[in-house]
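Colleague: Before I ask anything, here is the structure I am working with.
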Amino acid sequence: MEDKNKVLYSGTHTIGNKPIILKSWSADFNFYDEVLKTIPQWVSFPNLPLNYWGKITLSRIASGLGCPIYADDCISSTTRISYARVLIEMDISKELPKCIIVQDPPGKEFEHVVEYDWVPQYCHKCLMVGHDFVVTQEVAEPQLVM
């Protein structure tokens, strides 16, 4: 289990410079029925004030984007303080937010920028990850051929 978690949560993985999506296997998994709408995304919160770096607080902030799965090891060890990073399961069929509203304990709100390690392309026509179907209607001018 520890090895599985190490692989799943260690970051974005690629094969031939193309990102791959890793998910835990389950006995009822059927590759052909699987529609990838929610995928794990590494989300960074650059320059997030240190008083928001607690696991519970960071989890609440991440919940505004999706379902938090895992916090980067640098959160607990505070070896990097320029940004907090959380793995969040997000619905990629919708546009990924560029910022999130954060509320402090007294109730004051502020807008905070979020960054993604990778923004997948999602095709709304075939419901697949990896490309984006854009309908373009170009009217071609008739050409005279001699």
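Residue names in the structure tokens use chain letters A, B, ... in the order shown, residue numbers from 1 in each chain, and ligand numbers from 1 in the order shown.
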Within 9 Å of Tyr9 in chain A, counting only C-alpha atoms, which residues qualify if same-chain residues fewer than 4 places away don't, as a list of chain:residue names?
Modeller: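 So, after excluding close chain neighbours, the residues are A:Lys4, A:Asn5, A:Ile69, A:Tyr70, A:Ala71, A:Asp72, A:Leu87.
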Colleague: Just N, CA and C atoms for this one: save the residues we selected as a short mmCIF file (atom, residue, chain, number, x, y, z; two decimals), in the first residue's frame.
Modeller:
```cif
data_model
loop_
_atom_site.label_atom_id
_atom_site.label_comp_id
_atom_site.auth_asym_id
_atom_site.auth_seq_id
_atom_site.Cartn_x
_atom_site.Cartn_y
_atom_site.Cartn_z
N LYS A 4 2.31 1.79 -3.45
CA LYS A 4 1.25 2.26 -4.35
C LYS A 4 1.02 3.76 -4.15
N ASN A 5 0.90 4.17 -2.90
CA ASN A 5 0.67 5.58 -2.59
C ASN A 5 1.84 6.45 -3.03
N ILE A 69 -6.95 14.94 -2.16
CA ILE A 69 -6.49 13.57 -1.98
C ILE A 69 -5.24 13.53 -1.10
N TYR A 70 -4.31 14.42 -1.38
CA TYR A 70 -3.00 14.31 -0.76
C TYR A 70 -2.31 15.67 -0.77
N ALA A 71 -1.62 16.01 0.30
CA ALA A 71 -0.83 17.24 0.36
C ALA A 71 0.63 16.89 0.10
N ASP A 72 1.30 17.74 -0.61
CA ASP A 72 2.72 17.59 -0.90
C ASP A 72 3.50 17.43 0.41
N LEU A 87 -2.81 17.52 -4.19
CA LEU A 87 -3.38 16.70 -5.25
C LEU A 87 -4.89 16.68 -5.03
#
```
Colleague: If I take CA of Lys94 in chain A and CA of Ile20 in chain A, how far is one from the other in Å, to one decimal?
Modeller: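 Computed distance, CA of Lys94 in chain A to CA of Ile20 in chain A, equals 19.5 Å.
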Colleague: As number ranges by chain, please: every residue in range 19-101 of chain A that a backbone DSSP assignment puts in strand (DSSP E or B).
Modeller: A: 19-20, 38-46, 67-71, 83-91, 99-101
Colleague: Can you list, as a compact mmCIF listing (two decimals) with all heavy atoms, in the first residue's frame, every protein, DNA or RNA residue that comes within 7 Å of range 104-114 of chain A when you count only C-alpha atoms, leaving out same-chain residues fewer than 3 positions away?
Modeller:
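The new file around03.txt reads:
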```txt
# COMPACT_ATOMS: atom_id res chain seq x y z
N VAL A 43 -2.35 20.88 -7.75
CA VAL A 43 -2.70 22.29 -7.73
C VAL A 43 -1.77 23.01 -6.76
O VAL A 43 -1.59 22.58 -5.62
CB VAL A 43 -4.17 22.49 -7.29
CG1 VAL A 43 -4.54 23.96 -7.27
CG2 VAL A 43 -5.11 21.72 -8.21
N SER A 44 -1.16 24.09 -7.23
CA SER A 44 -0.28 24.90 -6.38
C SER A 44 -0.98 26.18 -5.98
O SER A 44 -1.73 26.77 -6.76
CB SER A 44 1.01 25.25 -7.15
OG SER A 44 1.71 24.09 -7.49
N PHE A 45 -0.72 26.58 -4.75
CA PHE A 45 -1.22 27.84 -4.21
C PHE A 45 -0.01 28.72 -3.93
O PHE A 45 0.53 28.70 -2.83
CB PHE A 45 -2.03 27.60 -2.93
CG PHE A 45 -3.21 26.69 -3.13
CD1 PHE A 45 -3.12 25.33 -2.91
CD2 PHE A 45 -4.43 27.21 -3.54
CE1 PHE A 45 -4.21 24.49 -3.09
CE2 PHE A 45 -5.53 26.38 -3.73
CZ PHE A 45 -5.42 25.02 -3.50
N PRO A 46 0.46 29.49 -4.94
CA PRO A 46 1.68 30.27 -4.75
C PRO A 46 1.49 31.39 -3.74
O PRO A 46 0.44 32.04 -3.71
CB PRO A 46 1.98 30.84 -6.14
CG PRO A 46 0.70 30.75 -6.89
CD PRO A 46 -0.11 29.64 -6.27
N LYS A 98 -8.92 29.68 -12.25
CA LYS A 98 -7.60 30.30 -12.15
C LYS A 98 -7.37 30.90 -10.77
O LYS A 98 -6.26 31.26 -10.42
CB LYS A 98 -7.46 31.37 -13.22
CG LYS A 98 -7.45 30.78 -14.63
CD LYS A 98 -7.38 31.86 -15.67
CE LYS A 98 -7.33 31.40 -17.09
NZ LYS A 98 -7.94 30.22 -17.49
N CYS A 99 -8.44 31.03 -9.99
CA CYS A 99 -8.32 31.55 -8.63
C CYS A 99 -9.46 31.00 -7.77
O CYS A 99 -10.42 30.42 -8.29
CB CYS A 99 -8.32 33.07 -8.62
SG CYS A 99 -9.80 33.79 -9.29
N ILE A 100 -9.31 31.17 -6.47
CA ILE A 100 -10.30 30.68 -5.52
C ILE A 100 -10.49 31.74 -4.44
O ILE A 100 -9.54 32.46 -4.10
CB ILE A 100 -9.88 29.32 -4.91
CG1 ILE A 100 -11.00 28.73 -4.07
CG2 ILE A 100 -8.59 29.44 -4.15
CD1 ILE A 100 -10.78 27.28 -3.68
N ILE A 101 -11.70 31.84 -3.92
CA ILE A 101 -11.98 32.76 -2.83
C ILE A 101 -11.68 32.04 -1.51
O ILE A 101 -12.20 30.96 -1.26
CB ILE A 101 -13.45 33.23 -2.84
CG1 ILE A 101 -13.81 33.86 -4.18
CG2 ILE A 101 -13.73 34.17 -1.68
CD1 ILE A 101 -13.07 35.13 -4.52
```
Colleague: So the first atom is CA of Tyr122 in chain A and the second is CA of Ile88 in chain A; what is the distance between them in Å, to one decimal place?
Modeller: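 Between CA of Tyr122 in chain A and CA of Ile88 in chain A the gap is 17.3 Å.
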Colleague: With only C-alpha atoms as the atoms that count, which of A:Ser10, A:Asn51, A:Gln121, A:Thr57 lies nearest to Ile92 in chain A?
Modeller: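 For Ile92 in chain A, the nearest of the given residues is A:Gln121.
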Colleague: So how many Å separate CA of Leu96 in chain A and CA of Ser59 in chain A, to one decimal?
Modeller: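 CA of Ser59 in chain A lies at a distance of 17.8 Å from CA of Leu96 in chain A.
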Colleague: Tell me, which residues of range 35-79 of chain A carry DSSP alpha helix (DSSP H), written as a list in words?
Modeller: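 Secondary structure check on range 35-79 of chain A, alpha helix (DSSP H): Lys55, Ile56, Thr57, Leu58, Ser59, Arg60, Ile61, Ala62, Ser63, Asp73, Cys74, Ile75, Ser76 and Ser77 of chain A.
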Colleague: Hey, what's within 12 Å of His13 in chain A if we count only C-alpha atoms and toss same-chain stuff fewer than 4 positions away? As a PyMOL selection string, please?
Modeller: chain A and resi 7-9+17-23+40-42+117-118
Colleague: So, counting only C-alpha atoms, which residue among A:Lys125, A:Ile39, A:Ser24, A:Val102 is closest to Arg60 in chain A?
Modeller: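 Distance minimum relative to Arg60 in chain A lands on A:Val102.
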